[in-house]
file target_7.cif (mmCIF, C-alpha atoms)
data_upload
#
loop_
_atom_site.label_atom_id
_atom_site.label_comp_id
_atom_site.auth_asym_id
_atom_site.auth_seq_id
_atom_site.Cartn_x
_atom_site.Cartn_y
_atom_site.Cartn_z
CA ASN R 1 0.00 0.00 0.00
CA ASN R 2 2.80 2.40 0.86
CA ASN R 3 4.35 1.66 -2.53
CA ASN R 4 1.01 2.37 -4.25
CA ASN R 5 0.64 5.66 -2.34
CA ASN R 6 4.16 6.65 -3.27
CA ASN R 7 3.41 5.90 -6.92
CA VAL R 8 0.24 7.98 -6.85
CA GLU R 9 2.06 10.88 -5.19
CA ALA R 10 4.89 10.63 -7.69
CA PHE R 11 2.44 10.62 -10.60
CA SER R 12 0.45 13.52 -9.18
CA SER R 13 3.58 15.52 -8.55
CA SER R 14 4.96 14.92 -12.03
CA HIS R 15 1.57 15.69 -13.58
CA VAL R 16 1.16 18.97 -11.71
CA ASN R 17 4.68 20.14 -12.32
CA SER R 18 4.75 19.20 -16.01
CA PRO R 19 4.54 22.16 -18.36
CA LYS R 20 1.15 22.90 -19.90
CA ARG R 21 0.69 21.73 -23.44
CA SER R 22 0.86 24.67 -25.83
CA THR R 23 -1.78 24.94 -28.51
CA PRO R 24 -0.37 23.70 -31.83
CA PRO R 25 -0.29 26.40 -34.51
CA ASN R 26 -2.64 24.45 -36.77
CA GLU R 27 -5.16 23.96 -33.97
CA SER R 28 -5.14 27.70 -33.29
CA LYS R 29 -5.74 28.41 -36.97
CA HIS R 30 -8.61 25.92 -37.11
CA ARG R 31 -10.19 27.45 -34.02
CA LYS R 32 -9.97 30.95 -35.48
CA ALA R 33 -11.40 29.72 -38.77
CA ALA R 34 -14.30 28.07 -36.94
CA GLU R 35 -14.98 31.24 -34.98
CA ARG R 36 -14.89 33.27 -38.20
CA ARG R 37 -17.35 30.88 -39.88
CA GLN R 38 -19.64 31.17 -36.87
CA ARG R 39 -19.60 34.96 -37.11
CA GLU R 40 -20.29 34.73 -40.83
CA ASP R 41 -23.25 32.39 -40.21
CA GLU R 42 -24.63 34.85 -37.67
CA ARG R 43 -24.28 37.65 -40.21
CA LYS R 44 -26.09 35.54 -42.83
CA GLU R 45 -29.01 35.09 -40.48
CA GLU R 46 -29.13 38.84 -39.95
CA GLU R 47 -28.96 39.44 -43.71
CA GLU R 48 -32.08 37.34 -44.22
CA GLU R 49 -33.92 40.08 -42.34
CA ASP R 50 -32.01 42.92 -44.02
CA ALA R 51 -34.48 44.91 -46.14
CA VAL R 52 -31.80 46.63 -48.22
CA LYS R 53 -29.92 43.45 -49.10
CA ASN R 54 -33.14 41.61 -49.85
CA ALA R 55 -34.28 44.38 -52.19
CA LEU R 56 -30.88 44.57 -53.91
CA SER R 57 -30.83 40.81 -54.46
CA LYS R 58 -33.73 41.29 -56.90
CA VAL R 59 -31.72 43.71 -59.09
CA SER R 60 -29.57 42.35 -61.92
CA GLY R 61 -25.90 43.30 -61.92
CA PHE R 62 -22.39 42.38 -60.79
CA TYR R 63 -22.46 44.17 -57.43
CA GLU R 64 -21.38 42.10 -54.43
CA ILE R 65 -23.97 42.52 -51.66
CA GLY R 66 -21.20 42.40 -49.02
CA ASN R 67 -20.22 45.92 -50.08
CA VAL R 68 -23.37 47.19 -48.37
CA ASP R 69 -21.70 46.66 -44.98
CA ILE R 70 -18.66 48.71 -46.05
CA TYR R 71 -20.94 51.44 -47.42
CA ARG R 72 -22.85 51.57 -44.14
CA SER R 73 -19.67 51.78 -42.10
CA ILE R 74 -18.40 54.70 -44.19
CA ASP R 75 -21.81 56.36 -44.01
CA ALA R 76 -21.89 56.01 -40.22
CA CYS R 77 -18.39 57.46 -39.94
CA GLN R 78 -19.38 60.44 -42.06
CA LYS R 79 -22.52 61.13 -40.05
CA LYS R 80 -21.19 60.44 -36.55
CA VAL R 81 -17.54 61.50 -36.75
CA PHE R 82 -17.67 64.18 -39.46
CA LYS R 83 -21.23 65.36 -38.66
CA MET R 84 -22.31 65.32 -42.31
CA SER R 85 -25.95 65.09 -41.28
CA ASP R 86 -25.69 68.76 -40.33
CA PHE R 87 -25.04 70.15 -43.82
CA LYS R 88 -25.93 69.68 -47.48
CA THR R 89 -24.26 66.85 -49.44
CA SER R 90 -25.06 64.52 -52.33
CA LEU R 91 -24.33 60.97 -53.52
CA ALA R 92 -23.24 59.96 -57.03
CA GLU R 93 -22.24 57.10 -59.30
CA ILE R 94 -20.74 56.94 -62.78
CA GLY R 95 -21.86 53.79 -64.61
CA VAL R 96 -25.11 52.70 -62.96
CA TYR R 97 -25.82 49.77 -65.34
CA HIS R 98 -29.18 48.40 -64.06
CA GLY R 99 -28.91 50.18 -60.71
CA LYS R 100 -27.69 47.63 -58.19
CA SER R 101 -24.64 49.49 -56.88
CA PHE R 102 -26.34 52.88 -57.23
CA LEU R 103 -29.34 51.75 -55.18
CA ALA R 104 -27.01 50.48 -52.45
CA ILE R 105 -25.76 54.07 -52.21
CA VAL R 106 -29.35 55.39 -52.35
CA SER R 107 -30.11 53.32 -49.24
CA LEU R 108 -27.73 55.61 -47.31
CA ARG R 109 -29.59 58.75 -48.33
CA LYS R 110 -30.37 61.33 -45.68
CA GLN R 111 -33.16 63.93 -45.67
CA ASN R 112 -33.25 66.02 -48.89
CA GLU R 113 -30.08 64.44 -50.27
CA ARG R 114 -29.70 64.33 -54.06
CA CYS R 115 -28.55 61.07 -55.70
CA VAL R 116 -26.91 61.52 -59.11
CA ALA R 117 -26.93 58.63 -61.62
CA ILE R 118 -24.56 58.98 -64.61
CA ASP R 119 -24.57 56.57 -67.55
CA CYS R 120 -24.56 56.63 -71.34
CA PHE R 121 -27.51 54.17 -71.24
CA GLU R 122 -28.70 53.50 -74.82
CA ASN R 123 -25.85 55.46 -76.40
CA GLN R 124 -23.46 52.52 -76.04
CA ALA R 125 -21.89 52.26 -79.48
CA GLU R 126 -20.36 55.74 -79.48
CA ILE R 127 -19.33 55.97 -75.81
CA ASN R 128 -18.90 52.53 -74.24
CA ARG R 129 -16.20 51.31 -76.62
CA ASP R 130 -14.73 48.75 -74.22
CA GLU R 131 -18.21 47.24 -73.58
CA SER R 132 -17.70 47.20 -69.82
CA GLY R 133 -21.40 46.87 -69.04
CA VAL R 134 -24.39 47.70 -71.24
CA GLY R 135 -26.61 50.14 -69.36
CA ASP R 136 -30.36 50.10 -69.88
CA TYR R 137 -32.41 53.13 -68.81
CA GLU R 138 -35.77 51.36 -68.60
CA LYS R 139 -34.37 48.52 -66.48
CA PHE R 140 -32.63 51.08 -64.28
CA ARG R 141 -35.85 53.08 -63.88
CA LYS R 142 -37.93 50.00 -62.98
CA HIS R 143 -35.37 48.78 -60.48
CA ALA R 144 -35.13 52.24 -58.88
CA MET R 145 -38.90 52.47 -58.48
CA LYS R 146 -39.28 48.94 -57.08
CA PHE R 147 -36.38 49.40 -54.69
CA CYS R 148 -37.60 52.75 -53.34
CA GLU R 149 -41.17 51.50 -53.00
CA ALA R 150 -39.93 48.46 -51.06
CA MET R 151 -37.73 50.64 -48.86
CA LYS R 152 -40.54 53.04 -47.91
CA GLU R 153 -41.52 50.59 -45.16
CA ASP R 154 -38.07 51.03 -43.59
CA SER R 155 -38.23 53.90 -41.10
CA LYS R 156 -34.61 54.83 -41.87
CA PHE R 157 -35.29 55.39 -45.58
CA VAL R 158 -36.41 58.91 -46.44
CA TRP R 159 -38.73 59.41 -49.43
CA ASP R 160 -42.12 61.08 -49.62
CA GLY R 161 -43.22 59.03 -52.62
CA VAL R 162 -43.04 61.91 -55.11
CA VAL R 163 -42.05 60.84 -58.66
CA ASP R 164 -40.37 63.17 -61.14
CA SER R 165 -42.58 63.63 -64.22
CA ASP R 166 -39.61 63.72 -66.62
CA THR R 167 -37.68 60.68 -65.40
CA ASN R 168 -40.58 58.67 -63.93
CA MET R 169 -38.33 57.98 -60.97
CA PRO R 170 -38.18 59.14 -57.33
CA ASN R 171 -37.74 62.91 -57.39
CA PHE R 172 -34.47 62.85 -55.44
CA ILE R 173 -32.69 60.95 -58.25
CA LYS R 174 -30.99 63.11 -60.86
CA VAL R 175 -30.19 61.26 -64.10
CA ILE R 176 -27.37 62.42 -66.37
CA SER R 177 -27.31 60.51 -69.67
CA LYS R 178 -23.86 61.45 -70.89
CA ASP R 179 -20.30 60.42 -71.63
CA SER R 180 -18.61 60.76 -68.21
CA THR R 181 -15.50 62.28 -69.79
CA LYS R 182 -17.67 65.22 -70.89
CA LEU R 183 -18.96 65.97 -67.38
CA THR R 184 -18.32 69.43 -65.94
CA LYS R 185 -18.99 70.70 -62.47
CA GLU R 186 -20.68 73.83 -63.79
CA ALA R 187 -23.11 72.02 -66.10
CA ASP R 188 -23.79 68.81 -64.20
CA PHE R 189 -23.16 69.31 -60.46
CA ASN R 190 -24.88 72.24 -58.78
CA GLU R 191 -23.05 72.43 -55.46
CA ASP R 192 -25.13 75.41 -54.31
CA ASP R 193 -28.33 73.35 -54.57
CA ASP R 194 -27.08 69.85 -53.79
CA GLY R 195 -23.82 70.29 -51.89
CA PRO R 196 -20.54 68.42 -52.55
CA VAL R 197 -20.57 64.65 -53.09
CA ARG R 198 -19.79 62.66 -49.94
CA ILE R 199 -19.71 59.21 -51.62
CA PHE R 200 -18.81 58.99 -55.30
CA SER R 201 -18.83 55.52 -56.91
CA ILE R 202 -16.99 55.00 -60.21
CA ASP R 203 -17.96 52.05 -62.40
CA GLY R 204 -18.03 53.53 -65.90
CA SER R 205 -15.86 52.78 -68.91
CA HIS R 206 -12.89 50.67 -67.79
CA THR R 207 -10.20 52.08 -70.06
CA VAL R 208 -7.11 53.66 -68.52
CA GLU R 209 -7.97 57.09 -69.90
CA THR R 210 -11.59 57.13 -68.76
CA THR R 211 -10.78 55.73 -65.31
CA LEU R 212 -8.15 58.42 -64.84
CA ARG R 213 -10.52 61.14 -65.99
CA ASP R 214 -13.43 59.88 -63.83
CA LEU R 215 -11.18 59.75 -60.76
CA SER R 216 -9.86 63.25 -61.41
CA PHE R 217 -13.35 64.67 -61.93
CA ALA R 218 -14.85 62.97 -58.88
CA ALA R 219 -11.99 63.60 -56.45
CA ASP R 220 -10.64 66.95 -57.60
CA GLU R 221 -13.86 68.74 -58.56
CA CYS R 222 -16.91 67.24 -56.83
CA LEU R 223 -15.89 65.43 -53.64
CA HIS R 224 -16.56 66.74 -50.16
CA GLU R 225 -13.28 67.28 -48.31
CA GLN R 226 -14.18 64.37 -46.02
CA GLY R 227 -15.79 62.29 -48.75
CA VAL R 228 -14.97 58.85 -50.19
CA VAL R 229 -14.45 57.68 -53.78
CA ILE R 230 -15.15 54.02 -54.59
CA LEU R 231 -13.47 52.56 -57.69
CA ASP R 232 -14.84 49.27 -59.02
CA ASP R 233 -13.18 46.34 -60.85
CA CYS R 234 -9.64 47.14 -59.77
CA PHE R 235 -8.77 43.46 -59.41
CA ASN R 236 -10.85 42.05 -62.25
CA PRO R 237 -8.44 40.55 -64.82
CA ASP R 238 -10.87 41.42 -67.63
CA TRP R 239 -10.42 45.13 -66.94
CA PRO R 240 -6.75 46.03 -66.28
CA GLY R 241 -7.54 49.60 -67.28
CA CYS R 242 -9.11 50.25 -63.87
CA ILE R 243 -6.04 49.49 -61.76
CA SER R 244 -3.82 51.13 -64.38
CA GLY R 245 -5.96 54.26 -64.32
CA LEU R 246 -5.78 54.31 -60.53
CA ALA R 247 -1.99 54.04 -60.67
CA LYS R 248 -1.81 56.98 -63.06
CA TYR R 249 -4.10 59.05 -60.85
CA LEU R 250 -2.07 58.38 -57.70
CA ASP R 251 1.08 59.27 -59.60
CA SER R 252 -0.37 62.65 -60.53
CA SER R 253 -2.46 63.61 -57.48
CA SER R 254 -2.41 63.10 -53.72
CA ARG R 255 -5.88 64.47 -53.04
CA ILE R 256 -7.22 60.99 -52.26
CA VAL R 257 -5.41 57.71 -51.51
CA PRO R 258 -6.54 54.10 -50.97
CA PHE R 259 -7.58 53.09 -47.45
CA ALA R 260 -9.51 49.86 -48.03
CA ILE R 261 -9.94 47.02 -50.53
CA ALA R 262 -13.17 45.03 -50.54
CA TYR R 263 -15.21 42.98 -53.00
CA ASN R 264 -13.24 44.02 -56.09
CA LYS R 265 -13.37 47.73 -55.16
CA VAL R 266 -10.81 50.22 -53.84
CA TYR R 267 -11.98 52.84 -51.35
CA LEU R 268 -10.17 56.20 -51.31
CA CYS R 269 -10.21 59.30 -49.12
CA ALA R 270 -8.01 62.26 -48.22
CA PRO R 271 -4.65 61.16 -46.71
CA SER R 272 -5.42 62.89 -43.40
CA LEU R 273 -8.62 60.80 -43.00
CA VAL R 274 -7.20 57.35 -43.68
CA GLU R 275 -6.70 56.38 -40.04
CA THR R 276 -10.16 57.62 -39.07
CA TYR R 277 -11.97 55.68 -41.78
CA GLN R 278 -9.85 52.57 -41.21
CA ALA R 279 -10.48 52.60 -37.47
CA HIS R 280 -14.22 52.96 -37.97
CA VAL R 281 -14.41 50.17 -40.56
CA ALA R 282 -12.15 47.84 -38.54
CA ARG R 283 -14.38 48.21 -35.46
CA ASP R 284 -17.54 47.39 -37.39
CA ARG R 285 -18.60 43.84 -36.50
CA ASN R 286 -20.44 43.51 -39.81
CA VAL R 287 -17.26 44.05 -41.82
CA CYS R 288 -14.77 41.20 -42.18
CA VAL R 289 -11.28 42.75 -42.24
CA ARG R 290 -8.79 40.02 -43.15
CA LYS R 291 -5.48 41.87 -42.94
CA LYS R 292 -3.58 44.99 -44.00
CA ALA R 293 -1.57 45.31 -47.20
CA SER R 294 0.14 48.00 -49.23
CA LEU R 295 -1.38 49.24 -52.49
CA PHE R 296 0.87 51.62 -54.44
CA GLY R 297 2.63 52.47 -51.19
CA HIS R 298 -0.56 53.09 -49.17
CA GLU R 299 -1.51 50.73 -46.33
CA CYS R 300 -5.04 49.43 -46.82
CA LEU R 301 -7.50 47.30 -44.93
CA VAL R 302 -8.13 44.13 -46.94
CA CYS R 303 -11.66 42.80 -46.59
CA LYS R 304 -13.47 39.99 -48.39
CA HIS R 305 -13.07 39.68 -52.16
CA GLY R 306 -16.29 38.28 -53.56
CA TRP R 307 -14.18 36.23 -55.94
CA LEU R 308 -17.05 34.71 -57.94
CA HIS R 309 -18.03 38.04 -59.46
CA THR R 310 -14.47 39.29 -59.58
CA PHE R 311 -13.18 36.44 -61.68
CA HIS R 312 -16.24 34.85 -63.26
CA GLY R 313 -18.88 37.58 -63.56
CA ASN R 314 -18.13 38.32 -67.20
CA ASP R 315 -18.23 34.62 -68.12
CA ASP R 316 -21.93 34.42 -67.28
CA THR R 317 -24.98 35.90 -68.97
CA TYR R 318 -26.83 38.44 -66.83
CA SER R 319 -30.27 39.76 -67.70
#

call {"tool": "encode", "arguments": {"input": "target_7.cif", "output": "structure tokens"}}
result
Amino acid sequence: NNNNNNNVEAFSSSHVNSPKRSTPPNESKHRKAAERRQREDERKEEEEEDAVKNALSKVSGFYEIGNVDIYRSIDACQKKVFKMSDFKTSLAEIGVYHGKSFLAIVSLRKQNERCVAIDCFENQAEINRDESGVGDYEKFRKHAMKFCEAMKEDSKFVWDGVVDSDTNMPNFIKVISKDSTKLTKEADFNEDDDGPVRIFSIDGSHTVETTLRDLSFAADECLHEQGVVILDDCFNPDWPGCISGLAKYLDSSSRIVPFAIAYNKVYLCAPSLVETYQAHVARDRNVCVRKKASLFGHECLVCKHGWLHTFHGNDDTYS
């Protein structure tokens, strides 16, 4: 018995004093991956009840719905940190196609805010030479009406139901049917009436020259000093003109710089605001920030990619 007791004591002593087993690196990675999947599943359940995402899912187009969460985070930063609810601003997009991305921006609209939709629509042959998306005014109009009607039930969405007699669309939407390279601030953007643009999405012609011109016009002439420009298709191998145009812009101007990459888009703001926007987006539980990486010498948050649309969207037929 004494021998048995001694053995037990010896075992207990060696067990207690033995170093704790460290978690293997692979096990730690698996645990983090499982936790990430759980958070994503929780977000999916929330999205099923998300009126904006549900309405957008009915609109044809290449827009990744996950961008809505980035848009909302930027919108919240502008309203809470920069107090943009207190003064006049507008929202705009070049290249609205059938309206999916534009309507995601419309969902952020505040009281009396103008939303500007720019596209060549039916004038494709002369303007859209690279065929980077064939816009259709009637499809855009129908989608805009259906989306805004559906969103009227959301208490956060502001629209009195008034329809413009010329466009047959909600009266807060201004439509400019024009080659984006011919836009001028004086003729097309009335800052006195509508205020500067706080979010300007660019998804027009994907040539180097047009991308450069659209970026210059949006950032240097129309953007609010605390605003954000969103450039689409920067990592789509079908459209190298987008990333090339961005490179040329950054080489010639420092007014805005990249601060985030998400779902095939690059998000840009004034250099002095990068840390503020990044901190706000990184804290947002609805946004999945994967890491940080440098883009043309500027550190960016890297979020999800939406690789199906990025790499295969143009292989499929969309209505």

call {"tool": "resolve_selection", "arguments": {"input": "target_7.cif", "expression": "the PyMOL selection byres ((chain R and resi 298) around 12)", "output": "PyMOL selection string"}}
result
chain R and resi 247+250+254+256-261+266-271+274-275+292-297+299-302

call {"tool": "residues_around", "arguments": {"input": "target_7.cif", "residues": "R:Asn171", "least_positions_apart": "5", "cutoff": "12 Å", "atoms": "only C-alpha atoms", "output": "list in words"}}
result
Asn112, Glu113, Arg114, Cys115, Val116, Arg141, Ala144, Met145, Cys148, Val158, Trp159, Asp160, Gly161, Val162, Val163, Asp164, Ser165 and Asp166 of chain R

call {"tool": "closest_residue", "arguments": {"input": "target_7.cif", "among": "R:His305, R:Phe147, R:Arg290, R:Lys79", "to": "R:Ala33", "atoms": "only C-alpha atoms"}}
result
R:Arg290

call {"tool": "closest_atom_pairs", "arguments": {"input": "target_7.cif", "of": "stretch 237-294 of chain R", "to": "stretch 80-97 of chain R", "cutoff": "10 Å", "atoms": "only C-alpha atoms", "output": "CSV"}}
result
residue,atom,partner,partner_atom,distance
R:Thr276,CA,R:Val81,CA,8.7
R:Tyr277,CA,R:Val81,CA,9.5
R:His280,CA,R:Val81,CA,9.2

call {"tool": "resolve_selection", "arguments": {"input": "target_7.cif", "expression": "the PyMOL selection byres ((chain R and resi 56) around 8)", "output": "list of chain:residue names"}}
result
R:Val52, R:Lys53, R:Asn54, R:Ala55, R:Ser57, R:Lys58, R:Val59, R:Ile65, R:Lys100, R:Leu103, R:Ala104, R:Phe147

call {"tool": "resolve_selection", "arguments": {"input": "target_7.cif", "expression": "the PyMOL selection byres ((chain R and resi 108) around 9)", "output": "compact mmCIF listing (two decimals) with C-alpha atoms, keeping the file's coordinate frame"}}
result
# COMPACT_ATOMS: atom_id res chain seq x y z
CA TYR R 71 -20.94 51.44 -47.42
CA ARG R 72 -22.85 51.57 -44.14
CA ASP R 75 -21.81 56.36 -44.01
CA LEU R 91 -24.33 60.97 -53.52
CA LEU R 103 -29.34 51.75 -55.18
CA ALA R 104 -27.01 50.48 -52.45
CA ILE R 105 -25.76 54.07 -52.21
CA VAL R 106 -29.35 55.39 -52.35
CA SER R 107 -30.11 53.32 -49.24
CA ARG R 109 -29.59 58.75 -48.33
CA LYS R 110 -30.37 61.33 -45.68
CA LYS R 156 -34.61 54.83 -41.87
CA PHE R 157 -35.29 55.39 -45.58

call {"tool": "atom_distance", "arguments": {"input": "target_7.cif", "atom1": "atom CA of R:Thr211", "atom2": "atom CA of R:Phe189"}}
result
19.0 Å

call {"tool": "residues_around", "arguments": {"input": "target_7.cif", "residues": "R:Cys288", "least_positions_apart": "2", "cutoff": "10 Å", "atoms": "only C-alpha atoms", "output": "VMD selection string"}}
result
chain R and resid 36 39 to 40 66 69 to 70 262 281 to 286 290 to 291 301 to 304

call {"tool": "atom_distance", "arguments": {"input": "target_7.cif", "atom1": "atom CA of R:Ser253", "atom2": "atom CA of R:Asp193"}}
result
27.8 Å

call {"tool": "atom_distance", "arguments": {"input": "target_7.cif", "atom1": "atom CA of R:Asn264", "atom2": "atom CA of R:Glu64"}}
result
8.5 Å

call {"tool": "residues_around", "arguments": {"input": "target_7.cif", "residues": "R:Asp220", "least_positions_apart": "4", "cutoff": "12 Å", "atoms": "all atoms listed in the file", "output": "list in words"}}
result
Thr184, Lys185, Pro196, Val197, Phe200, Leu212, Arg213, Asp214, Leu215, Ser216, His224, Glu225, Gly227, Val228, Val229, Tyr249, Ser252, Ser253, Ser254, Arg255, Ile256, Cys269 and Ala270 of chain R

call {"tool": "closest_residue", "arguments": {"input": "target_7.cif", "among": "R:Gln111, R:Ser73, R:Thr210, R:Asn190", "to": "R:Ile243", "atoms": "all atoms listed in the file"}}
result
R:Thr210

call {"tool": "closest_residue", "arguments": {"input": "target_7.cif", "among": "R:Lys178, R:Cys222, R:Gly135, R:Pro240", "to": "R:Arg198", "atoms": "only C-alpha atoms"}}
result
R:Cys222

call {"tool": "closest_residue", "arguments": {"input": "target_7.cif", "among": "R:Ile118, R:Asp238, R:Gly245, R:Val289", "to": "R:Ser177", "atoms": "all atoms listed in the file"}}
result
R:Ile118

call {"tool": "residues_around", "arguments": {"input": "target_7.cif", "residues": "R:His98", "least_positions_apart": "5", "cutoff": "9 Å", "atoms": "only C-alpha atoms", "output": "ChimeraX atom specification"}}
result
/R:59-61,134-144

call {"tool": "build_atoms", "arguments": {"input": "target_7.cif", "residues": "stretch 159-173 of chain R", "atoms": "N, CA, C and O atoms", "output": "PDB file, in the coordinates of the input"}}
result
ATOM      1  N   TRP R 159     -38.150  59.046 -48.133  1.00  0.00           N
ATOM      2  CA  TRP R 159     -38.730  59.410 -49.430  1.00  0.00           C
ATOM      3  C   TRP R 159     -40.219  59.624 -49.254  1.00  0.00           C
ATOM      4  O   TRP R 159     -40.909  58.794 -48.656  1.00  0.00           O
ATOM      5  N   ASP R 160     -40.707  60.742 -49.786  1.00  0.00           N
ATOM      6  CA  ASP R 160     -42.120  61.080 -49.620  1.00  0.00           C
ATOM      7  C   ASP R 160     -43.012  60.475 -50.695  1.00  0.00           C
ATOM      8  O   ASP R 160     -44.225  60.730 -50.728  1.00  0.00           O
ATOM      9  N   GLY R 161     -42.423  59.681 -51.588  1.00  0.00           N
ATOM     10  CA  GLY R 161     -43.220  59.030 -52.620  1.00  0.00           C
ATOM     11  C   GLY R 161     -43.417  59.834 -53.886  1.00  0.00           C
ATOM     12  O   GLY R 161     -44.044  59.361 -54.839  1.00  0.00           O
ATOM     13  N   VAL R 162     -42.865  61.040 -53.940  1.00  0.00           N
ATOM     14  CA  VAL R 162     -43.040  61.910 -55.110  1.00  0.00           C
ATOM     15  C   VAL R 162     -42.161  61.410 -56.259  1.00  0.00           C
ATOM     16  O   VAL R 162     -40.973  61.130 -56.075  1.00  0.00           O
ATOM     17  N   VAL R 163     -42.751  61.308 -57.463  1.00  0.00           N
ATOM     18  CA  VAL R 163     -42.050  60.840 -58.660  1.00  0.00           C
ATOM     19  C   VAL R 163     -41.870  61.993 -59.631  1.00  0.00           C
ATOM     20  O   VAL R 163     -42.806  62.759 -59.887  1.00  0.00           O
ATOM     21  N   ASP R 164     -40.663  62.119 -60.169  1.00  0.00           N
ATOM     22  CA  ASP R 164     -40.370  63.170 -61.140  1.00  0.00           C
ATOM     23  C   ASP R 164     -41.089  62.865 -62.456  1.00  0.00           C
ATOM     24  O   ASP R 164     -41.005  61.751 -62.975  1.00  0.00           O
ATOM     25  N   SER R 165     -41.784  63.851 -63.014  1.00  0.00           N
ATOM     26  CA  SER R 165     -42.580  63.630 -64.220  1.00  0.00           C
ATOM     27  C   SER R 165     -41.724  63.400 -65.461  1.00  0.00           C
ATOM     28  O   SER R 165     -42.178  62.787 -66.434  1.00  0.00           O
ATOM     29  N   ASP R 166     -40.485  63.894 -65.461  1.00  0.00           N
ATOM     30  CA  ASP R 166     -39.610  63.720 -66.620  1.00  0.00           C
ATOM     31  C   ASP R 166     -38.902  62.369 -66.630  1.00  0.00           C
ATOM     32  O   ASP R 166     -38.768  61.735 -67.680  1.00  0.00           O
ATOM     33  N   THR R 167     -38.436  61.933 -65.465  1.00  0.00           N
ATOM     34  CA  THR R 167     -37.680  60.680 -65.400  1.00  0.00           C
ATOM     35  C   THR R 167     -38.530  59.480 -65.011  1.00  0.00           C
ATOM     36  O   THR R 167     -38.120  58.332 -65.202  1.00  0.00           O
ATOM     37  N   ASN R 168     -39.729  59.744 -64.460  1.00  0.00           N
ATOM     38  CA  ASN R 168     -40.580  58.670 -63.930  1.00  0.00           C
ATOM     39  C   ASN R 168     -39.851  57.866 -62.856  1.00  0.00           C
ATOM     40  O   ASN R 168     -40.007  56.647 -62.760  1.00  0.00           O
ATOM     41  N   MET R 169     -39.064  58.577 -62.070  1.00  0.00           N
ATOM     42  CA  MET R 169     -38.330  57.980 -60.970  1.00  0.00           C
ATOM     43  C   MET R 169     -38.497  58.843 -59.717  1.00  0.00           C
ATOM     44  O   MET R 169     -38.962  59.975 -59.807  1.00  0.00           O
ATOM     45  N   PRO R 170     -38.113  58.318 -58.543  1.00  0.00           N
ATOM     46  CA  PRO R 170     -38.180  59.140 -57.330  1.00  0.00           C
ATOM     47  C   PRO R 170     -37.524  60.500 -57.562  1.00  0.00           C
ATOM     48  O   PRO R 170     -36.478  60.596 -58.212  1.00  0.00           O
ATOM     49  N   ASN R 171     -38.153  61.541 -57.052  1.00  0.00           N
ATOM     50  CA  ASN R 171     -37.740  62.910 -57.390  1.00  0.00           C
ATOM     51  C   ASN R 171     -36.372  63.307 -56.853  1.00  0.00           C
ATOM     52  O   ASN R 171     -35.817  64.329 -57.263  1.00  0.00           O
ATOM     53  N   PHE R 172     -35.782  62.509 -55.968  1.00  0.00           N
ATOM     54  CA  PHE R 172     -34.470  62.850 -55.440  1.00  0.00           C
ATOM     55  C   PHE R 172     -33.335  62.317 -56.318  1.00  0.00           C
ATOM     56  O   PHE R 172     -32.168  62.609 -56.091  1.00  0.00           O
ATOM     57  N   ILE R 173     -33.695  61.510 -57.342  1.00  0.00           N
ATOM     58  CA  ILE R 173     -32.690  60.950 -58.250  1.00  0.00           C
ATOM     59  C   ILE R 173     -32.525  61.859 -59.466  1.00  0.00           C
ATOM     60  O   ILE R 173     -33.493  62.140 -60.180  1.00  0.00           O
TER      61      ILE R 173
END
